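Reading through the structure tokens given below for one structure.
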Amino acid sequence: MLRTRNIILFVIGIVSIISSTTAALCGCSKDIALRLTNIYENGDTDFHYDYCENIKDGRGFTAGIAGFCTGTGDAWEVIQAYHKLTGGKDDFSPMDSVLQKYAADSSSSTSGLGDYCSIWAKLGKSDIKFQQAQDSIRDNLYYNPSQKEADKLGLKFDISRGEIYDTGIQHGTDTDPDGLPSLINDTNQKFTSDETGSSGSTLTINGHKVDEIVWLKKFIEVRDDDLTHPKEKDNQGGNTWAGDLYRTKSYTYMIDAGTYMFGKSVKALDNDGNSITIYHTR
């Protein structure tokens with residue numbers, strides 16, 4: 001997801017960002033961040049509203065643009081949001097009691113959901129209301145909470161905020177040991193003195209002045225350790241996170257390239273480690 005900028009435009013962009021208190025991702029920057037995560041989740045930059053399968057990770061069916069799961073409750077939230085848009089009478093309605101139970105029990109079971117993926121796929125391809133429901137729950141559960149965490153840290157760069165969002169999608173935004181807030185706290189505890197850098201953005205961490213990119217690199221180290229050694233038992237079974245290090249390798253690639261701000265396109269790595277250009281298209 002970036003194209004090369006000349007140095008004057010780069011400096012102007014950095015000065016503009018650092019002059020503001022926060023720099024929430026918006027417009028094309030948000031779209032680029034979302035498409036980066038799409039690569040890690042689905043293998044390409046498209047928004048796969050119709051995706052649905054049981055990936056055998058102990059979370060039931062995984063579906064949609066953010067990997068909403070029947071066993072974690074976020075899929076049930078999408079369907080409830082869809083019900084509100086349809087008046088509560090739609091193809092998912094007959095499954096409501098089962099979906100609600102599996103969400104409450106954090107169940108890995110898919111029993112009683114025989115048509116679930118076919119219905120999800122059909123609606124995801126063409127039903128605008130269903131797509132809107134997915135967008136709203138993704139933002140409510142993952143995007144908005146991740147950006148609030150970024151605000152608290154004072155992050156200015158798109159790359160930092162994009163990495164925080166991607167972490168929120170995979171690790172969740174709750175306060176469990178593997179969740180985004182815990183990883184941020186673990187990162188902050190690593191800084192016991194000032195840490196200078198050349199990015200031009202300085203954070204205040206535990207009373208110390210820390211360069212933003214220095215902090216981001218440390219955060220990625222902490223996330224990598226959590227991916228390879230998850231603390232929560234539920235994150236240790238099935239398809240473990242250890243195989244997902246391509247997510248952080250892609251962000252490290254952009255850091256090394258000096259891609260701190262997203263434009264209309266960025267260069268990153270795909271899941272096989274190949275360079276790919278991601279374009280803002282909406």
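We name chains A, B, ... following the order of the structure tokens; residues begin at 1 in each chain, and ligands are numbered from 1 as shown.
Omitting Ile276 of chain A and its sequence neighbours fewer than 4 positions away, and counting only C-alpha atoms, the residues within 12 Å are Met1, Leu2, Arg3, Arg35, Leu36, Ile39, Gly43, Asp44, Thr45, Ser250, Tyr253, Met254, Ser265, Val266, Lys267, Ala268, Leu269, Asp270, Asn271 and Asp272 of chain A.
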Keeping all heavy atoms for every residue in the selection just given, could you write it to a file as a short mmCIF file (atom, residue, chain, number, x, y, z; two decimals), in the first residue's frame?
data_model
loop_
_atom_site.label_atom_id
_atom_site.label_comp_id
_atom_site.auth_asym_id
_atom_site.auth_seq_id
_atom_site.Cartn_x
_atom_site.Cartn_y
_atom_site.Cartn_z
N MET A 1 0.79 -1.18 0.00
CA MET A 1 0.00 0.00 0.00
C MET A 1 0.86 1.30 0.00
O MET A 1 0.84 1.95 0.90
CB MET A 1 -0.99 -0.18 1.14
CG MET A 1 -1.71 -1.50 1.41
SD MET A 1 -2.68 -1.68 2.90
CE MET A 1 -3.42 -3.13 2.83
N LEU A 2 2.23 2.27 -1.36
CA LEU A 2 2.75 3.68 -1.43
C LEU A 2 3.65 4.04 -2.62
O LEU A 2 4.39 3.21 -3.04
CB LEU A 2 3.51 4.04 -0.15
CG LEU A 2 3.99 5.48 0.08
CD1 LEU A 2 3.81 5.87 1.56
CD2 LEU A 2 5.34 5.86 -0.32
N ARG A 3 3.60 5.30 -3.11
CA ARG A 3 4.48 5.67 -4.20
C ARG A 3 5.51 6.66 -3.69
O ARG A 3 5.30 7.35 -2.70
CB ARG A 3 3.67 6.25 -5.36
CG ARG A 3 3.41 7.73 -5.27
CD ARG A 3 2.46 8.23 -6.34
NE ARG A 3 1.71 9.33 -5.82
CZ ARG A 3 0.65 9.84 -6.41
NH1 ARG A 3 0.22 9.32 -7.53
NH2 ARG A 3 0.02 10.84 -5.89
N ARG A 35 -6.65 -1.60 3.72
CA ARG A 35 -6.25 -2.51 2.64
C ARG A 35 -4.98 -3.28 2.99
O ARG A 35 -4.81 -4.44 2.57
CB ARG A 35 -6.08 -1.73 1.33
CG ARG A 35 -7.40 -1.24 0.77
CD ARG A 35 -7.24 -0.48 -0.54
NE ARG A 35 -8.52 0.07 -0.96
CZ ARG A 35 -9.47 -0.62 -1.62
NH1 ARG A 35 -9.24 -1.89 -1.92
NH2 ARG A 35 -10.60 -0.05 -1.96
N LEU A 36 -4.09 -2.67 3.76
CA LEU A 36 -2.93 -3.41 4.25
C LEU A 36 -3.37 -4.61 5.08
O LEU A 36 -2.91 -5.73 4.88
CB LEU A 36 -2.04 -2.48 5.10
CG LEU A 36 -1.03 -1.61 4.37
CD1 LEU A 36 -0.52 -0.51 5.29
CD2 LEU A 36 0.13 -2.45 3.86
N ILE A 39 -4.72 -7.53 3.13
CA ILE A 39 -3.70 -8.43 2.60
C ILE A 39 -3.38 -9.52 3.62
O ILE A 39 -3.35 -10.71 3.30
CB ILE A 39 -2.41 -7.66 2.24
CG1 ILE A 39 -2.64 -6.75 1.03
CG2 ILE A 39 -1.27 -8.63 1.94
CD1 ILE A 39 -1.44 -5.92 0.65
N GLY A 43 -5.21 -12.06 1.85
CA GLY A 43 -4.28 -12.31 0.76
C GLY A 43 -4.30 -11.29 -0.36
O GLY A 43 -3.49 -11.37 -1.29
N ASP A 44 -5.22 -10.34 -0.32
CA ASP A 44 -5.24 -9.26 -1.31
C ASP A 44 -5.84 -8.02 -0.67
O ASP A 44 -6.21 -8.02 0.50
CB ASP A 44 -6.00 -9.66 -2.58
CG ASP A 44 -7.45 -10.04 -2.31
OD1 ASP A 44 -8.11 -9.35 -1.51
OD2 ASP A 44 -7.93 -11.03 -2.89
N THR A 45 -5.93 -6.94 -1.45
CA THR A 45 -6.36 -5.67 -0.88
C THR A 45 -7.86 -5.46 -0.90
O THR A 45 -8.36 -4.46 -0.38
CB THR A 45 -5.70 -4.50 -1.64
OG1 THR A 45 -6.12 -4.54 -3.02
CG2 THR A 45 -4.19 -4.58 -1.56
N SER A 250 5.91 -6.76 7.14
CA SER A 250 5.47 -5.78 6.15
C SER A 250 5.61 -4.36 6.70
O SER A 250 6.07 -3.45 6.00
CB SER A 250 4.02 -6.05 5.76
OG SER A 250 3.57 -5.14 4.78
N TYR A 253 9.21 -3.40 6.89
CA TYR A 253 9.66 -3.04 5.53
C TYR A 253 9.36 -1.57 5.23
O TYR A 253 10.21 -0.85 4.69
CB TYR A 253 8.97 -3.97 4.54
CG TYR A 253 9.19 -3.64 3.07
CD1 TYR A 253 10.29 -4.12 2.39
CD2 TYR A 253 8.25 -2.89 2.37
CE1 TYR A 253 10.47 -3.86 1.04
CE2 TYR A 253 8.42 -2.62 1.02
CZ TYR A 253 9.54 -3.10 0.36
OH TYR A 253 9.71 -2.83 -0.97
N MET A 254 8.17 -1.12 5.59
CA MET A 254 7.80 0.27 5.34
C MET A 254 8.59 1.23 6.23
O MET A 254 8.97 2.32 5.80
CB MET A 254 6.29 0.45 5.55
CG MET A 254 5.45 -0.20 4.47
SD MET A 254 3.68 0.15 4.64
CE MET A 254 3.27 -0.92 6.03
N SER A 265 -0.82 5.75 -2.49
CA SER A 265 -0.36 4.38 -2.61
C SER A 265 0.86 4.19 -1.73
O SER A 265 1.56 5.15 -1.39
CB SER A 265 0.00 4.04 -4.07
OG SER A 265 1.09 4.83 -4.50
N VAL A 266 1.11 2.93 -1.34
CA VAL A 266 2.30 2.61 -0.56
C VAL A 266 2.86 1.27 -1.02
O VAL A 266 2.12 0.40 -1.49
CB VAL A 266 2.03 2.53 0.96
CG1 VAL A 266 1.78 3.89 1.56
CG2 VAL A 266 0.89 1.58 1.26
N LYS A 267 4.16 1.11 -0.83
CA LYS A 267 4.80 -0.18 -1.10
C LYS A 267 4.94 -0.92 0.23
O LYS A 267 5.43 -0.37 1.21
CB LYS A 267 6.17 0.02 -1.74
CG LYS A 267 6.10 0.47 -3.19
CD LYS A 267 7.49 0.47 -3.81
CE LYS A 267 7.44 0.96 -5.26
NZ LYS A 267 6.63 0.07 -6.12
N ALA A 268 4.48 -2.16 0.25
CA ALA A 268 4.57 -3.00 1.43
C ALA A 268 4.94 -4.41 0.98
O ALA A 268 5.36 -4.61 -0.16
CB ALA A 268 3.24 -2.99 2.19
N LEU A 269 4.82 -5.38 1.88
CA LEU A 269 5.09 -6.77 1.55
C LEU A 269 3.80 -7.57 1.59
O LEU A 269 2.96 -7.36 2.49
CB LEU A 269 6.10 -7.39 2.52
CG LEU A 269 7.50 -6.78 2.56
CD1 LEU A 269 8.35 -7.52 3.58
CD2 LEU A 269 8.16 -6.81 1.18
N ASP A 270 3.65 -8.50 0.65
CA ASP A 270 2.51 -9.40 0.74
C ASP A 270 2.84 -10.52 1.72
O ASP A 270 3.91 -10.54 2.34
CB ASP A 270 2.10 -9.91 -0.65
CG ASP A 270 3.15 -10.79 -1.31
OD1 ASP A 270 4.08 -11.28 -0.61
OD2 ASP A 270 3.06 -11.01 -2.53
N ASN A 271 1.96 -11.48 1.84
CA ASN A 271 2.13 -12.53 2.85
C ASN A 271 3.24 -13.51 2.52
O ASN A 271 3.64 -14.31 3.38
CB ASN A 271 0.81 -13.28 3.05
CG ASN A 271 -0.28 -12.36 3.56
OD1 ASN A 271 -0.02 -11.25 4.00
ND2 ASN A 271 -1.52 -12.82 3.49
N ASP A 272 3.75 -13.45 1.28
CA ASP A 272 4.88 -14.28 0.88
C ASP A 272 6.20 -13.52 0.90
O ASP A 272 7.24 -14.05 0.49
CB ASP A 272 4.65 -14.86 -0.52
CG ASP A 272 3.47 -15.81 -0.57
OD1 ASP A 272 3.31 -16.60 0.39
OD2 ASP A 272 2.69 -15.76 -1.54
#
Counting only C-alpha atoms, which residues in segment 43-69 of chain A sit no more than 12 Å from segment 154-175 of chain A? For each one, give the nearest pair of atoms and the distance in Å, sorted by chain then residue number, as a Markdown table.
| residue | atom | partner | partner_atom | distance |
| --- | --- | --- | --- | --- |
| A:Ile65 | CA | A:Ile169 | CA | 10.3 |
| A:Ala66 | CA | A:Ile169 | CA | 6.8 |
| A:Gly67 | CA | A:Ile169 | CA | 8.4 |
| A:Phe68 | CA | A:Ile169 | CA | 9.7 |
| A:Cys69 | CA | A:Gln170 | CA | 11.8 |
Same residues, N, CA and C atoms, output as a PDB file, in the first residue's frame:
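Contents of part.pdb, as written:
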ATOM      1  N   ILE A  65     -15.026  -8.838   6.392  1.00  0.00           N
ATOM      2  CA  ILE A  65     -13.871  -7.969   6.175  1.00  0.00           C
ATOM      3  C   ILE A  65     -12.897  -7.934   7.345  1.00  0.00           C
ATOM      4  N   ALA A  66     -13.343  -8.354   8.529  1.00  0.00           N
ATOM      5  CA  ALA A  66     -12.460  -8.312   9.693  1.00  0.00           C
ATOM      6  C   ALA A  66     -12.344  -9.671  10.371  1.00  0.00           C
ATOM      7  N   GLY A  67     -12.698 -10.736   9.650  1.00  0.00           N
ATOM      8  CA  GLY A  67     -12.619 -12.056  10.248  1.00  0.00           C
ATOM      9  C   GLY A  67     -13.535 -12.203  11.447  1.00  0.00           C
ATOM     10  N   PHE A  68     -14.768 -11.747  11.328  1.00  0.00           N
ATOM     11  CA  PHE A  68     -15.739 -11.833  12.411  1.00  0.00           C
ATOM     12  C   PHE A  68     -16.028 -13.306  12.713  1.00  0.00           C
ATOM     13  N   CYS A  69     -15.995 -13.690  13.984  1.00  0.00           N
ATOM     14  CA  CYS A  69     -16.115 -15.095  14.364  1.00  0.00           C
ATOM     15  C   CYS A  69     -17.385 -15.374  15.158  1.00  0.00           C
TER      16      CYS A  69
END
TODO: Taking the chain letters and numbering used in this document, name the residues of segment 87-181 of chain A that DSSP puts in alpha helix (DSSP H), as an NGL selection string.
DONE: :A and (96-105 or 116-126 or 128-138 or 144-153 or 158-171 or 180-181)
Closest atom pairs, segment 114-179 of chain A residues within 8 Å of segment 219-232 of chain A, only C-alpha atoms, as CSV:
residue,atom,partner,partner_atom,distance
A:Thr167,CA,A:Arg223,CA,8.0
A:Asp176,CA,A:Glu232,CA,7.9
A:Pro177,CA,A:Lys231,CA,6.2
A:Asp178,CA,A:Lys231,CA,6.1
Neighbour list for Gly71 of chain A as a JSON list (two decimals) with all heavy atoms, in the first residue's frame, cut-off 9 Å, only C-alpha atoms, skip fewer than 6 positions in-chain:
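Output saved as part-v1.json:
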[["chain", "number", "residue", "atom", "x", "y", "z"],
["A", 58, "GLY", "N", -10.60, -22.71, 16.55],
["A", 58, "GLY", "CA", -11.33, -22.74, 17.81],
["A", 58, "GLY", "C", -12.30, -21.61, 18.00],
["A", 58, "GLY", "O", -12.78, -21.39, 19.11],
["A", 59, "ARG", "N", -12.61, -20.89, 16.89],
["A", 59, "ARG", "CA", -13.49, -19.73, 17.01],
["A", 59, "ARG", "C", -14.72, -19.84, 16.10],
["A", 59, "ARG", "O", -15.33, -18.84, 15.76],
["A", 59, "ARG", "CB", -12.71, -18.45, 16.70],
["A", 59, "ARG", "CG", -11.56, -18.20, 17.66],
["A", 59, "ARG", "CD", -10.78, -16.95, 17.33],
["A", 59, "ARG", "NE", -9.70, -16.74, 18.29],
["A", 59, "ARG", "CZ", -8.90, -15.69, 18.29],
["A", 59, "ARG", "NH1", -9.04, -14.75, 17.36],
["A", 59, "ARG", "NH2", -7.95, -15.57, 19.19],
["A", 60, "GLY", "N", -15.05, -21.06, 15.70],
["A", 60, "GLY", "CA", -16.20, -21.25, 14.83],
["A", 60, "GLY", "C", -15.94, -20.75, 13.43],
["A", 60, "GLY", "O", -14.83, -20.83, 12.92],
["A", 61, "PHE", "N", -17.00, -20.21, 12.81],
["A", 61, "PHE", "CA", -16.85, -19.65, 11.47],
["A", 61, "PHE", "C", -16.17, -18.29, 11.54],
["A", 61, "PHE", "O", -16.47, -17.46, 12.40],
["A", 61, "PHE", "CB", -18.21, -19.49, 10.79],
["A", 61, "PHE", "CG", -18.82, -20.78, 10.31],
["A", 61, "PHE", "CD1", -20.06, -21.20, 10.76],
["A", 61, "PHE", "CD2", -18.15, -21.59, 9.40],
["A", 61, "PHE", "CE1", -20.63, -22.38, 10.32],
["A", 61, "PHE", "CE2", -18.70, -22.78, 8.94],
["A", 61, "PHE", "CZ", -19.94, -23.18, 9.41],
["A", 62, "THR", "N", -15.25, -18.05, 10.61],
["A", 62, "THR", "CA", -14.59, -16.76, 10.45],
["A", 62, "THR", "C", -15.09, -16.15, 9.15],
["A", 62, "THR", "O", -15.11, -16.82, 8.12],
["A", 62, "THR", "CB", -13.06, -16.93, 10.40],
["A", 62, "THR", "OG1", -12.61, -17.47, 11.64],
["A", 62, "THR", "CG2", -12.37, -15.59, 10.15],
["A", 99, "LEU", "N", -26.61, -18.47, 17.28],
["A", 99, "LEU", "CA", -25.51, -17.50, 17.21],
["A", 99, "LEU", "C", -25.32, -16.77, 18.52],
["A", 99, "LEU", "O", -24.18, -16.55, 18.97],
["A", 99, "LEU", "CB", -25.78, -16.49, 16.08],
["A", 99, "LEU", "CG", -25.67, -17.04, 14.66],
["A", 99, "LEU", "CD1", -26.27, -16.07, 13.65],
["A", 99, "LEU", "CD2", -24.22, -17.33, 14.31],
["A", 102, "TYR", "N", -23.61, -19.24, 21.00],
["A", 102, "TYR", "CA", -22.20, -19.48, 20.71],
["A", 102, "TYR", "C", -21.36, -18.25, 21.06],
["A", 102, "TYR", "O", -20.21, -18.38, 21.51],
["A", 102, "TYR", "CB", -22.01, -19.84, 19.24],
["A", 102, "TYR", "CG", -22.51, -21.23, 18.89],
["A", 102, "TYR", "CD1", -22.62, -21.64, 17.55],
["A", 102, "TYR", "CD2", -22.86, -22.15, 19.87],
["A", 102, "TYR", "CE1", -23.07, -22.91, 17.21],
["A", 102, "TYR", "CE2", -23.31, -23.42, 19.54],
["A", 102, "TYR", "CZ", -23.43, -23.79, 18.21],
["A", 102, "TYR", "OH", -23.87, -25.05, 17.88],
["A", 103, "ALA", "N", -21.91, -17.06, 20.83],
["A", 103, "ALA", "CA", -21.20, -15.83, 21.19],
["A", 103, "ALA", "C", -21.02, -15.74, 22.69],
["A", 103, "ALA", "O", -19.94, -15.40, 23.19],
["A", 103, "ALA", "CB", -21.94, -14.62, 20.66],
["A", 104, "ALA", "N", -22.09, -16.05, 23.44],
["A", 104, "ALA", "CA", -22.04, -15.96, 24.91],
["A", 104, "ALA", "C", -21.10, -17.01, 25.51],
["A", 104, "ALA", "O", -20.43, -16.75, 26.51],
["A", 104, "ALA", "CB", -23.44, -16.12, 25.48],
["A", 105, "ASP", "N", -21.05, -18.19, 24.88],
["A", 105, "ASP", "CA", -20.24, -19.30, 25.40],
["A", 105, "ASP", "C", -18.83, -19.35, 24.84],
["A", 105, "ASP", "O", -18.05, -20.22, 25.22],
["A", 105, "ASP", "CB", -20.93, -20.64, 25.10],
["A", 105, "ASP", "CG", -22.27, -20.79, 25.79],
["A", 105, "ASP", "OD1", -22.54, -20.01, 26.73],
["A", 105, "ASP", "OD2", -23.04, -21.67, 25.38],
["A", 106, "SER", "N", -18.50, -18.44, 23.93],
["A", 106, "SER", "CA", -17.21, -18.48, 23.21],
["A", 106, "SER", "C", -16.99, -19.86, 22.61],
["A", 106, "SER", "O", -15.91, -20.46, 22.72],
["A", 106, "SER", "CB", -16.06, -18.11, 24.14],
["A", 106, "SER", "OG", -16.20, -16.80, 24.64],
["A", 107, "SER", "N", -18.03, -20.37, 21.98],
["A", 107, "SER", "CA", -18.02, -21.75, 21.48],
["A", 107, "SER", "C", -17.34, -21.86, 20.11],
["A", 107, "SER", "O", -17.50, -20.99, 19.25],
["A", 107, "SER", "CB", -19.45, -22.27, 21.38],
["A", 107, "SER", "OG", -19.48, -23.55, 20.79],
["A", 108, "SER", "N", -16.64, -22.96, 19.91],
["A", 108, "SER", "CA", -16.03, -23.25, 18.61],
["A", 108, "SER", "C", -16.98, -24.03, 17.71],
["A", 108, "SER", "O", -16.67, -24.26, 16.54],
["A", 108, "SER", "CB", -14.75, -24.06, 18.80],
["A", 108, "SER", "OG", -15.03, -25.32, 19.39],
["A", 109, "SER", "N", -18.12, -24.40, 18.23],
["A", 109, "SER", "CA", -19.06, -25.24, 17.49],
["A", 109, "SER", "C", -19.69, -24.48, 16.32],
["A", 109, "SER", "O", -19.91, -23.27, 16.38],
["A", 109, "SER", "CB", -20.17, -25.74, 18.41],
["A", 109, "SER", "OG", -21.13, -26.49, 17.69],
["A", 110, "THR", "N", -19.96, -25.23, 15.26],
["A", 110, "THR", "CA", -20.72, -24.69, 14.12],
["A", 110, "THR", "C", -22.00, -25.49, 13.90],
["A", 110, "THR", "O", -22.68, -25.30, 12.90],
["A", 110, "THR", "CB", -19.87, -24.71, 12.83],
["A", 110, "THR", "OG1", -19.47, -26.07, 12.56],
["A", 110, "THR", "CG2", -18.63, -23.84, 12.96]]
- [ ] Can you pull out every residue within 7 Å of Cys52 of chain A, counting only C-alpha atoms, but drop anything in the same chain fewer than 4 positions away, and send it as an MDAnalysis selection string?
- [x] chainID A and resid 61:64 117 120:121
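Neighbouring residues of Cys26 of chain A at 12 Å or closer, counting only C-alpha atoms and skipping chain neighbours under 2 positions away, are A:Thr22, A:Ala23, A:Ala24, A:Cys28, A:Ser29, A:Lys30, A:Asp31, A:Ile32, A:Ala33, A:Leu34, A:Tyr143, A:Asn144, A:Gln147, A:Phe157, A:Asp158, A:Arg161, A:Gly162, A:Met261, A:Phe262, A:Gly263, A:His280, A:Arg282.
Every protein, DNA or RNA residue with an atom at most 12 Å from Ile128 of chain A, where only C-alpha atoms count and chain neighbours fewer than 4 positions away do not, is listed here: Tyr49, Asp50, Tyr82, Leu85, Thr86, Lys122, Leu123, Gly124, Gln132, Ala133, Gln134 and Asp135 of chain A.
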Task: Nearest candidate to Lys217 of chain A (options A:Gln100, A:Thr196, A:Ser118, A:Thr187; using only C-alpha atoms) - done: A:Thr187
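Minimum atom-to-atom distance to Gln80 of chain A, evaluated using only C-alpha atoms, belongs to A:Lys129 out of A:Ile255, A:Glu41, A:Gly114, A:Lys129.
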Task: segment 35-228 of chain A: residues DSSP assigns to strand (DSSP E), reported as a ChimeraX atom specification - done: /A:52-53,62-63,68-69,202-205,208-211
Residues just named, written with C-alpha atoms as a short mmCIF file (atom, residue, chain, number, x, y, z; two decimals), in the first residue's frame:
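Full text of selection-v2.cif as output:
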data_model
loop_
_atom_site.label_atom_id
_atom_site.label_comp_id
_atom_site.auth_asym_id
_atom_site.auth_seq_id
_atom_site.Cartn_x
_atom_site.Cartn_y
_atom_site.Cartn_z
CA CYS A 52 -16.69 -17.23 5.18
CA GLU A 53 -15.06 -20.45 6.35
CA THR A 62 -14.59 -16.76 10.45
CA ALA A 63 -16.17 -14.34 8.00
CA PHE A 68 -15.74 -11.83 12.41
CA CYS A 69 -16.12 -15.09 14.36
CA THR A 202 8.53 12.64 20.02
CA LEU A 203 6.24 10.80 22.42
CA THR A 204 6.13 11.08 26.21
CA ILE A 205 6.36 7.55 27.62
CA HIS A 208 10.58 10.03 29.06
CA LYS A 209 10.97 11.54 25.59
CA VAL A 210 10.84 8.74 23.03
CA ASP A 211 11.11 9.03 19.27
#
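The space separating atom CA of Lys264 of chain A from atom CA of Ile278 of chain A comes to 8.4 Å.
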